[in-house]
file run-v8.txt (compact mmCIF, C-alpha atoms)
# COMPACT_ATOMS: atom_id res chain seq x y z
CA MET A 1 -31.42 -140.20 1.80
CA LEU A 2 -31.38 -140.38 -1.99
CA ASN A 3 -34.67 -141.67 -3.45
CA SER A 4 -35.92 -140.70 -6.90
CA HIS A 5 -37.66 -143.10 -9.28
CA ASP A 6 -39.80 -140.76 -11.39
CA ASP A 7 -40.51 -137.15 -12.36
CA PHE A 8 -43.91 -136.62 -10.72
CA THR A 9 -44.33 -137.95 -7.16
CA PRO A 10 -43.98 -135.36 -4.34
CA MET A 11 -40.49 -133.85 -4.31
CA SER A 12 -38.63 -132.94 -1.13
CA GLU A 13 -35.01 -132.44 -2.35
CA ILE A 14 -33.52 -131.20 -5.60
CA ILE A 15 -30.30 -129.89 -7.10
CA VAL A 16 -30.64 -126.70 -9.17
CA GLY A 17 -27.81 -125.98 -11.61
CA SER A 18 -25.61 -122.92 -11.75
CA ALA A 19 -25.34 -120.46 -14.65
CA GLU A 20 -22.53 -118.45 -13.09
CA ASN A 21 -19.88 -117.45 -15.64
CA TYR A 22 -21.56 -119.14 -18.59
CA LEU A 23 -19.95 -116.91 -21.20
CA GLY A 24 -19.26 -119.05 -24.24
CA HIS A 25 -19.20 -122.38 -26.09
CA ASP A 26 -16.26 -124.29 -27.54
CA ARG A 27 -17.45 -125.27 -31.01
CA ASP A 28 -15.35 -128.35 -31.63
CA LEU A 29 -16.48 -131.55 -33.32
CA THR A 30 -18.07 -132.95 -30.16
CA PHE A 31 -20.19 -129.84 -29.65
CA GLU A 32 -21.28 -129.71 -33.26
CA LEU A 33 -22.15 -133.40 -33.42
CA PHE A 34 -24.32 -133.03 -30.35
CA PHE A 35 -26.01 -129.90 -31.77
CA HIS A 36 -26.31 -130.82 -35.42
CA GLU A 37 -29.86 -131.31 -36.62
CA ALA A 38 -31.55 -128.75 -38.89
CA LEU A 39 -35.19 -128.56 -40.03
CA ASP A 40 -36.96 -125.78 -41.95
CA GLY A 41 -34.92 -122.90 -40.60
CA TYR A 42 -34.86 -124.05 -36.99
CA ARG A 43 -33.68 -127.21 -35.34
CA SER A 44 -35.98 -130.13 -34.80
CA ASP A 45 -34.96 -131.07 -31.29
CA TRP A 46 -32.22 -128.63 -30.44
CA ALA A 47 -31.15 -125.79 -32.71
CA TYR A 48 -27.78 -126.94 -33.89
CA PRO A 49 -25.02 -124.92 -35.57
CA ARG A 50 -23.71 -125.84 -38.98
CA LEU A 51 -20.98 -128.42 -39.06
CA ALA A 52 -17.59 -127.24 -40.21
CA ALA A 53 -14.67 -129.32 -41.40
CA ARG A 54 -11.58 -128.50 -39.40
CA GLY A 55 -8.51 -130.23 -38.07
CA ALA A 56 -8.47 -132.42 -34.99
CA GLY A 57 -8.38 -130.49 -31.75
CA GLN A 58 -9.27 -127.15 -33.36
CA THR A 59 -12.05 -125.17 -31.72
CA GLU A 60 -13.92 -121.94 -32.21
CA GLN A 61 -14.95 -120.05 -29.08
CA TRP A 62 -18.48 -118.72 -29.48
CA LYS A 63 -18.95 -115.88 -27.01
CA ILE A 64 -22.27 -115.18 -25.32
CA SER A 65 -23.43 -111.64 -24.61
CA ARG A 66 -22.74 -110.61 -21.01
CA ARG A 67 -26.28 -109.25 -20.79
CA TYR A 68 -27.79 -112.62 -21.74
CA ALA A 69 -25.47 -114.45 -19.34
CA ASP A 70 -26.40 -112.12 -16.47
CA GLU A 71 -30.12 -112.47 -17.19
CA LEU A 72 -29.81 -116.26 -17.32
CA HIS A 73 -28.01 -116.24 -13.96
CA GLU A 74 -30.75 -114.04 -12.54
CA ASP A 75 -33.47 -116.41 -13.79
CA VAL A 76 -31.75 -119.55 -12.47
CA GLU A 77 -31.18 -117.99 -9.04
CA ALA A 78 -34.86 -116.98 -8.93
CA LEU A 79 -35.84 -120.56 -9.87
CA ALA A 80 -33.77 -121.96 -6.99
CA ALA A 81 -35.24 -119.43 -4.55
CA LEU A 82 -38.80 -120.20 -5.66
CA ILE A 83 -38.39 -123.95 -5.21
CA GLY A 84 -36.84 -123.40 -1.79
CA SER A 85 -39.74 -121.12 -0.78
CA LEU A 86 -42.12 -124.04 -1.41
CA GLY A 87 -40.50 -126.10 1.36
CA ILE A 88 -38.23 -128.17 -0.87
CA THR A 89 -34.55 -128.55 0.09
CA VAL A 90 -32.40 -127.08 -2.69
CA HIS A 91 -28.76 -128.09 -3.24
CA ARG A 92 -26.42 -126.14 -5.53
CA PRO A 93 -23.26 -127.15 -7.42
CA LEU A 94 -19.93 -125.40 -7.08
CA PRO A 95 -19.91 -122.29 -9.30
CA LEU A 96 -17.51 -122.21 -12.22
CA PRO A 97 -14.81 -119.60 -11.52
CA PRO A 98 -14.58 -116.70 -13.99
CA ASP A 99 -10.95 -117.63 -14.73
CA ALA A 100 -11.47 -121.40 -15.00
CA ALA A 101 -8.55 -123.09 -16.75
CA ALA A 102 -9.11 -125.27 -19.81
CA ILE A 103 -9.70 -128.97 -19.21
CA ALA A 104 -7.93 -131.60 -21.29
CA GLY A 105 -8.13 -135.22 -22.38
CA LEU A 106 -6.01 -137.37 -24.63
CA GLY A 107 -5.38 -135.17 -27.65
CA TRP A 108 -7.85 -132.40 -26.92
CA GLN A 109 -8.60 -129.49 -24.61
CA ALA A 110 -11.70 -127.40 -24.06
CA ALA A 111 -13.01 -124.52 -21.98
CA PRO A 112 -15.31 -125.94 -19.26
CA THR A 113 -18.94 -124.93 -18.88
CA PRO A 114 -20.78 -124.46 -15.57
CA ALA A 115 -22.98 -127.19 -14.12
CA LEU A 116 -26.22 -125.74 -15.51
CA ASN A 117 -27.96 -128.52 -17.47
CA ILE A 118 -27.24 -131.02 -14.74
CA ARG A 119 -29.88 -133.54 -15.88
CA ASP A 120 -27.60 -134.39 -18.83
CA ASN A 121 -24.57 -135.96 -17.17
CA THR A 122 -26.20 -137.60 -14.16
CA LEU A 123 -29.02 -140.12 -13.78
CA ILE A 124 -30.69 -140.77 -10.42
CA LEU A 125 -32.09 -144.30 -10.21
CA GLY A 126 -33.74 -144.85 -6.85
CA ASP A 127 -30.87 -144.78 -4.34
CA GLU A 128 -28.12 -144.69 -6.98
CA ILE A 129 -26.26 -141.76 -8.55
CA VAL A 130 -25.04 -142.68 -12.04
CA GLU A 131 -22.62 -140.28 -13.69
CA THR A 132 -23.21 -140.88 -17.37
CA ALA A 133 -20.69 -140.90 -20.24
CA PRO A 134 -20.45 -137.35 -21.68
CA ALA A 135 -20.47 -136.62 -25.40
CA ILE A 136 -19.13 -133.05 -25.29
CA ARG A 137 -15.52 -132.34 -24.39
CA SER A 138 -16.23 -129.05 -22.61
CA ARG A 139 -18.58 -130.91 -20.24
CA TYR A 140 -16.22 -133.82 -19.51
CA LEU A 141 -15.58 -132.80 -15.88
CA GLU A 142 -18.88 -131.03 -15.23
CA THR A 143 -20.03 -133.50 -12.58
CA ARG A 144 -16.98 -132.63 -10.46
CA LEU A 145 -18.86 -129.41 -9.66
CA LEU A 146 -21.56 -131.66 -8.16
CA ALA A 147 -19.16 -133.96 -6.30
CA PRO A 148 -19.63 -132.38 -2.82
CA ILE A 149 -23.37 -133.04 -3.06
CA PHE A 150 -22.90 -136.55 -4.37
CA ARG A 151 -20.41 -137.29 -1.60
CA ARG A 152 -22.92 -136.27 1.08
CA TYR A 153 -25.55 -138.59 -0.41
CA PHE A 154 -22.96 -141.37 -0.62
CA GLU A 155 -22.04 -140.89 3.04
CA ALA A 156 -25.74 -141.15 3.88
CA GLY A 157 -25.95 -144.55 2.17
CA ALA A 158 -26.52 -143.87 -1.55
CA ARG A 159 -24.83 -145.86 -4.29
CA TRP A 160 -22.53 -143.88 -6.59
CA SER A 161 -21.52 -145.25 -9.99
CA THR A 162 -19.79 -143.86 -13.06
CA MET A 163 -20.13 -145.07 -16.64
CA PRO A 164 -16.83 -145.76 -18.42
CA ARG A 165 -15.45 -142.43 -19.63
CA PRO A 166 -14.96 -142.06 -23.39
CA THR A 167 -11.71 -140.66 -24.78
CA LEU A 168 -13.74 -138.40 -27.14
CA THR A 169 -11.44 -138.42 -30.14
CA ASP A 170 -13.14 -137.76 -33.47
CA ALA A 171 -13.19 -141.53 -34.10
CA SER A 172 -15.18 -142.13 -30.90
CA PHE A 173 -18.43 -141.10 -32.56
CA ASP A 174 -20.94 -143.03 -34.64
CA LEU A 175 -21.71 -140.51 -37.38
CA SER A 176 -24.58 -142.48 -38.92
CA TYR A 177 -27.38 -140.40 -37.45
CA ALA A 178 -25.83 -137.10 -38.49
CA ARG A 179 -25.10 -138.50 -41.96
CA ASP A 180 -28.59 -139.85 -42.61
CA ALA A 181 -30.38 -138.24 -45.55
CA ALA A 182 -33.45 -137.69 -43.39
CA THR A 183 -34.28 -137.93 -39.70
CA THR A 184 -37.33 -139.38 -38.01
CA LEU A 185 -38.55 -135.79 -37.69
CA GLY A 186 -38.58 -135.37 -41.44
CA GLY A 187 -35.78 -132.90 -42.15
CA PRO A 188 -32.48 -133.24 -43.96
CA THR A 189 -29.34 -133.11 -41.87
CA GLU A 190 -26.03 -131.63 -42.87
CA PRO A 191 -23.12 -133.92 -43.70
CA VAL A 192 -20.50 -134.65 -41.10
CA THR A 193 -17.15 -134.37 -42.82
CA ASP A 194 -13.49 -134.72 -42.11
CA PRO A 195 -13.18 -136.42 -38.69
CA GLN A 196 -9.47 -136.50 -37.91
CA PRO A 197 -7.42 -139.53 -36.77
CA SER A 198 -5.71 -139.52 -33.39
CA PRO A 199 -3.08 -141.78 -31.79
CA TYR A 200 -5.61 -142.26 -28.99
CA ASP A 201 -8.43 -143.65 -31.15
CA VAL A 202 -10.18 -146.67 -29.60
CA GLY A 203 -13.18 -146.85 -31.91
CA ILE A 204 -16.85 -146.21 -31.22
CA GLU A 205 -17.38 -145.56 -27.49
CA MET A 206 -20.36 -145.53 -25.17
CA MET A 207 -22.01 -142.14 -24.65
CA LEU A 208 -25.38 -141.65 -23.01
CA ASP A 209 -26.94 -138.66 -21.25
CA GLY A 210 -29.24 -138.94 -18.27
CA ALA A 211 -31.73 -136.81 -20.21
CA GLN A 212 -32.11 -139.68 -22.71
CA VAL A 213 -33.80 -141.73 -19.98
CA LEU A 214 -37.44 -141.39 -18.92
CA ARG A 215 -37.88 -142.82 -15.40
CA LEU A 216 -41.22 -144.50 -14.64
CA GLY A 217 -40.78 -146.39 -11.39
CA GLN A 218 -39.53 -149.87 -12.30
CA ASP A 219 -39.30 -148.92 -15.99
CA LEU A 220 -36.66 -146.89 -17.82
CA ILE A 221 -37.38 -145.74 -21.37
CA VAL A 222 -34.08 -144.99 -23.12
CA ASN A 223 -33.83 -143.10 -26.41
CA ILE A 224 -31.28 -144.58 -28.82
CA ALA A 225 -30.24 -142.79 -32.03
CA GLN A 226 -26.88 -144.39 -32.85
CA ALA A 227 -24.21 -146.85 -31.73
CA ASN A 228 -22.75 -144.65 -28.96
CA HIS A 229 -26.15 -144.58 -27.28
CA ARG A 230 -26.70 -148.30 -27.86
CA SER A 231 -23.46 -149.12 -26.08
CA GLY A 232 -24.41 -146.84 -23.19
CA ALA A 233 -27.80 -148.51 -22.93
CA ASP A 234 -26.11 -151.93 -22.85
CA TRP A 235 -24.02 -150.79 -19.87
CA LEU A 236 -27.05 -149.31 -18.14
CA GLU A 237 -29.15 -152.45 -18.63
CA ARG A 238 -26.46 -154.62 -17.04
CA GLN A 239 -25.91 -152.10 -14.23
CA VAL A 240 -29.57 -152.11 -13.16
CA GLN A 241 -30.40 -155.76 -13.93
CA GLY A 242 -32.91 -157.11 -11.44
CA ARG A 243 -33.89 -153.62 -10.24
CA PHE A 244 -35.28 -151.88 -13.34
CA ARG A 245 -36.69 -152.85 -16.72
CA VAL A 246 -34.94 -151.06 -19.61
CA HIS A 247 -36.98 -150.31 -22.75
CA ARG A 248 -35.26 -148.88 -25.82
CA VAL A 249 -36.99 -146.50 -28.21
CA TRP A 250 -35.40 -145.80 -31.57
CA ARG A 251 -34.78 -142.19 -32.57
CA MET A 252 -37.57 -140.47 -30.70
CA ALA A 253 -35.01 -137.66 -30.77
CA ASP A 254 -31.37 -137.37 -31.72
CA ASN A 255 -30.45 -137.54 -28.03
CA HIS A 256 -32.53 -136.09 -25.18
CA ILE A 257 -36.07 -137.26 -24.61
CA ASP A 258 -37.23 -134.59 -22.17
CA SER A 259 -38.17 -131.90 -24.68
CA MET A 260 -40.20 -134.55 -26.51
CA LEU A 261 -41.97 -136.44 -23.73
CA LEU A 262 -42.37 -136.07 -19.95
CA ALA A 263 -44.57 -137.94 -17.48
CA LEU A 264 -46.72 -135.54 -15.44
CA ARG A 265 -48.49 -138.17 -13.33
CA PRO A 266 -49.23 -141.89 -13.66
CA GLY A 267 -51.11 -142.39 -16.92
CA VAL A 268 -50.40 -138.90 -18.33
CA PHE A 269 -47.62 -137.72 -20.66
CA LEU A 270 -46.87 -134.22 -21.90
CA ALA A 271 -45.82 -134.78 -25.52
CA ARG A 272 -44.59 -132.71 -28.41
CA HIS A 273 -46.93 -134.59 -30.75
CA ALA A 274 -49.30 -137.55 -30.58
CA GLY A 275 -47.20 -139.63 -32.97
CA LEU A 276 -44.73 -140.35 -30.17
CA ARG A 277 -47.22 -142.91 -28.84
CA ASP A 278 -46.22 -145.35 -31.58
CA LEU A 279 -42.56 -145.26 -30.51
CA LEU A 280 -43.24 -146.24 -26.91
CA PRO A 281 -43.34 -149.72 -25.37
CA GLU A 282 -46.81 -151.24 -25.75
CA ALA A 283 -47.61 -150.94 -22.03
CA PHE A 284 -47.28 -147.14 -22.11
CA ARG A 285 -49.21 -146.46 -25.31
CA THR A 286 -52.47 -146.42 -23.37
CA TRP A 287 -51.45 -143.37 -21.33
CA LYS A 288 -53.10 -140.04 -22.07
CA PHE A 289 -51.06 -137.70 -24.26
CA ILE A 290 -51.38 -133.96 -23.60
CA VAL A 291 -50.17 -132.10 -26.68
CA PRO A 292 -49.84 -128.32 -26.27
CA PRO A 293 -50.36 -125.85 -29.11
CA GLU A 294 -47.47 -124.93 -31.38
CA PRO A 295 -45.03 -122.48 -29.78
CA ASP A 296 -45.72 -118.78 -30.33
CA PRO A 297 -42.64 -117.21 -31.98
CA GLY A 298 -43.49 -113.97 -30.18
CA SER A 299 -42.89 -115.59 -26.78
CA PHE A 300 -39.12 -115.70 -27.38
CA PRO A 301 -36.64 -112.83 -27.32
CA ALA A 302 -35.40 -111.58 -30.68
CA TYR A 303 -31.75 -112.41 -31.27
CA ASP A 304 -29.13 -111.30 -33.76
CA ASP A 305 -27.85 -113.59 -36.50
CA THR A 306 -24.61 -113.87 -34.55
CA ASP A 307 -26.37 -115.40 -31.51
CA LEU A 308 -26.13 -119.21 -31.39
CA LEU A 309 -29.49 -120.86 -30.69
CA LEU A 310 -29.20 -124.24 -28.95
CA THR A 311 -32.83 -125.29 -28.55
CA SER A 312 -35.91 -125.42 -30.72
CA PRO A 313 -39.07 -123.43 -29.98
CA TYR A 314 -40.41 -126.59 -28.30
CA ILE A 315 -38.03 -126.25 -25.35
CA ASP A 316 -40.82 -125.08 -23.02
CA ILE A 317 -42.21 -128.64 -22.93
CA ASN A 318 -39.21 -129.16 -20.63
CA VAL A 319 -41.28 -128.50 -17.48
CA LEU A 320 -40.58 -129.53 -13.89
CA SER A 321 -43.24 -131.29 -11.81
CA LEU A 322 -43.15 -130.78 -8.04
CA ASP A 323 -45.82 -133.45 -7.55
CA GLU A 324 -48.77 -134.88 -9.47
CA ASP A 325 -50.58 -131.53 -9.35
CA ARG A 326 -48.04 -128.66 -9.43
CA VAL A 327 -45.89 -127.96 -12.49
CA LEU A 328 -43.30 -125.23 -13.09
CA VAL A 329 -43.82 -123.78 -16.58
CA ASN A 330 -42.16 -120.91 -18.43
CA ALA A 331 -44.24 -117.81 -17.75
CA ASP A 332 -43.97 -116.77 -21.42
CA CYS A 333 -45.54 -120.01 -22.69
CA SER A 334 -49.21 -119.08 -22.38
CA GLY A 335 -50.49 -121.84 -24.68
CA LEU A 336 -48.88 -124.57 -22.59
CA ILE A 337 -50.06 -122.95 -19.35
CA LYS A 338 -53.66 -122.86 -20.56
CA THR A 339 -53.47 -126.45 -21.81
CA LEU A 340 -52.18 -127.78 -18.48
CA GLU A 341 -54.66 -125.76 -16.45
CA ALA A 342 -57.49 -127.12 -18.59
CA GLU A 343 -56.26 -130.62 -17.70
CA GLY A 344 -56.51 -129.83 -13.98
CA PHE A 345 -52.86 -129.07 -13.19
CA THR A 346 -51.78 -126.19 -10.96
CA VAL A 347 -49.28 -124.22 -13.01
CA ILE A 348 -46.59 -122.14 -11.32
CA PRO A 349 -45.28 -119.66 -13.94
CA VAL A 350 -41.53 -119.01 -13.77
CA GLN A 351 -39.41 -116.61 -15.80
CA HIS A 352 -36.80 -118.15 -18.11
CA ARG A 353 -35.93 -115.72 -20.87
CA HIS A 354 -32.98 -117.18 -22.75
CA ARG A 355 -33.76 -120.90 -22.88
CA ARG A 356 -32.95 -121.06 -26.60
CA LEU A 357 -29.42 -119.73 -26.04
CA PHE A 358 -28.36 -122.01 -23.20
CA GLY A 359 -29.73 -125.39 -24.20
CA GLY A 360 -32.26 -126.20 -21.51
CA GLY A 361 -35.46 -125.68 -19.58
CA PHE A 362 -36.48 -126.30 -15.97
CA HIS A 363 -36.19 -130.08 -16.24
CA CYS A 364 -32.70 -129.79 -17.77
CA PHE A 365 -31.54 -127.34 -15.09
CA THR A 366 -32.51 -129.60 -12.19
CA LEU A 367 -31.88 -133.03 -10.74
CA ASP A 368 -34.50 -134.27 -8.27
CA THR A 369 -32.82 -136.35 -5.59
CA ARG A 370 -35.69 -137.13 -3.26
CA ARG A 371 -39.27 -137.91 -4.16
CA SER A 372 -41.81 -139.98 -2.27
CA GLY A 373 -42.37 -142.52 -5.06
CA GLY A 374 -40.69 -145.90 -5.14
CA ALA A 375 -40.07 -148.60 -7.72
CA GLU A 376 -43.74 -148.77 -8.72
CA ASP A 377 -45.09 -150.70 -11.67
CA TYR A 378 -46.90 -148.08 -13.78
CA ARG A 379 -47.61 -150.33 -16.75
call {"tool": "encode", "arguments": {"input": "run-v8.txt", "output": "structure tokens"}}
result
Amino acid sequence: MLNSHDDFTPMSEIIVGSAENYLGHDRDLTFELFFHEALDGYRSDWAYPRLAARGAGQTEQWKISRRYADELHEDVEALAALIGSLGITVHRPLPLPPDAAAIAGLGWQAAPTPALNIRDNTLILGDEIVETAPAIRSRYLETRLLAPIFRRYFEAGARWSTMPRPTLTDASFDLSYARDAATTLGGPTEPVTDPQPSPYDVGIEMMLDGAQVLRLGQDLIVNIAQANHRSGADWLERQVQGRFRVHRVWRMADNHIDSMLLALRPGVFLARHAGLRDLLPEAFRTWKFIVPPEPDPGSFPAYDDTDLLLTSPYIDINVLSLDEDRVLVNADCSGLIKTLEAEGFTVIPVQHRHRRLFGGGFHCFTLDTRRSGGAEDYR
């Protein structure tokens, strides 16, 4: 039975994503808006490519080295095997075929990506599966690769909901965040230019990723950076009314919250920096903040200038807790490992070499579907 209200109570079931046939990115406007923010030579939250003005519907296919793709697949399969060896039931999505046809919407088409960063397009709220409203065209049908798993949970009694799907024309996006002269993280962003009109334009639409939501029992902390997110949060608040309390934080990140802040146990956050405390609801500012040392540049593989980096060096904060004691951490992140061990956690080191190329860590790659915790009040 589906039951997941948090990221730290004892886990008994999980979905681990698939990296099979992850060989490239479609760099259209939706991809570049999602990965846009630049700061001092690397990206503040995610390492985003430069924006380029181009006509509506035009894309550039950015190919990924076969060696990197194979090593990623190897690491993800080892992650799934490790979790399973610890007595946790592991579910897997359908793999993306090597010859997968392009997917299409109204006025656009894109090459699909595998269901790897599965935390993004799905939110588990207690006994409910919520498929969120995607912001990237190539990921529009990604949750269909998870549908067999969702169907089994539904047949066992889970609720299964889907946010309204955006049309994802250029006019669907609120460009204000990307056009701001400065972000909350202090760096200039590049201008977003030349969005193209479409006969299918409906105006600003709701878009919200599951990874923008921090689940704390009865409380949901939702990161909002622009009007697309605000509309998605409005839908979510009405959807869960009477079951969860929704708290909005303003621009903790440009989208995802889970490489900024994660709850490791009641009363304890793992945080990129202590200043995040001031952005949280008052009731959660009293929690302890564990701030690891700055990332060691030597802990990452060296890449060529032609390789597209999709995460910042802070990606290893994206850990996965099995319970209130055991935490899966990137084996190359020695500073974080030492910090967590000094705080009394049992760290399980796991290899994940190319996290900067594929946009996620262990929390991103997984979706916990059964934990022992309920709708507790952790305030």
call {"tool": "residues_around", "arguments": {"input": "run-v8.txt", "residues": "range 87-99 of chain A", "least_positions_apart": "3", "cutoff": "10 Å", "atoms": "only C-alpha atoms", "output": "JSON, numbers by chain"}}
result
{"A": [10, 11, 12, 13, 14, 15, 16, 17, 18, 19, 20, 21, 22, 23, 80, 81, 82, 83, 84, 102, 112, 113, 114, 115, 116, 118, 142, 143, 144, 145, 146, 147, 148, 149, 150, 322, 366, 367, 368, 369, 370]}
call {"tool": "atom_distance", "arguments": {"input": "run-v8.txt", "atom1": "CA of Glu131 in chain A", "atom2": "CA of Thr162 in chain A"}}
result
4.6 Å
call {"tool": "atom_distance", "arguments": {"input": "run-v8.txt", "atom1": "CA of Val347 in chain A", "atom2": "CA of Val329 in chain A"}}
result
6.5 Å
call {"tool": "closest_residue", "arguments": {"input": "run-v8.txt", "among": "A:Glu71, A:Glu294, A:Asp377, A:Glu341", "to": "Leu216 in chain A", "atoms": "all atoms listed in the file"}}
result
A:Asp377
call {"tool": "closest_residue", "arguments": {"input": "run-v8.txt", "among": "A:Arg230, A:Lys338, A:Arg215, A:Arg152", "to": "Pro293 in chain A", "atoms": "only C-alpha atoms"}}
result
A:Lys338
call {"tool": "residues_around", "arguments": {"input": "run-v8.txt", "residues": "Gly298 in chain A", "least_positions_apart": "4", "cutoff": "12 Å", "atoms": "all atoms listed in the file", "output": "VMD selection string"}}
result
chain A and resid 294 302 to 303 313 332 to 335
call {"tool": "atom_distance", "arguments": {"input": "run-v8.txt", "atom1": "CA of Leu214 in chain A", "atom2": "CA of Arg353 in chain A"}}
result
25.8 Å
call {"tool": "closest_residue", "arguments": {"input": "run-v8.txt", "among": "A:His256, A:Arg355, A:Arg277, A:Arg248", "to": "Asp209 in chain A", "atoms": "all atoms listed in the file"}}
result
A:His256
call {"tool": "closest_residue", "arguments": {"input": "run-v8.txt", "among": "A:Leu208, A:Ala156, A:Ala263, A:Ala69", "to": "His352 in chain A", "atoms": "only C-alpha atoms"}}
result
A:Ala69
call {"tool": "axis_aligned_box", "arguments": {"input": "run-v8.txt", "around": "range 237-240 of chain A", "padding_each_side": "8 Å", "output": "AutoDock Vina command-line options"}}
result
--center_x -27.7 --center_y -153.4 --center_z -15.9 --size_x 19.7 --size_y 18.5 --size_z 21.5
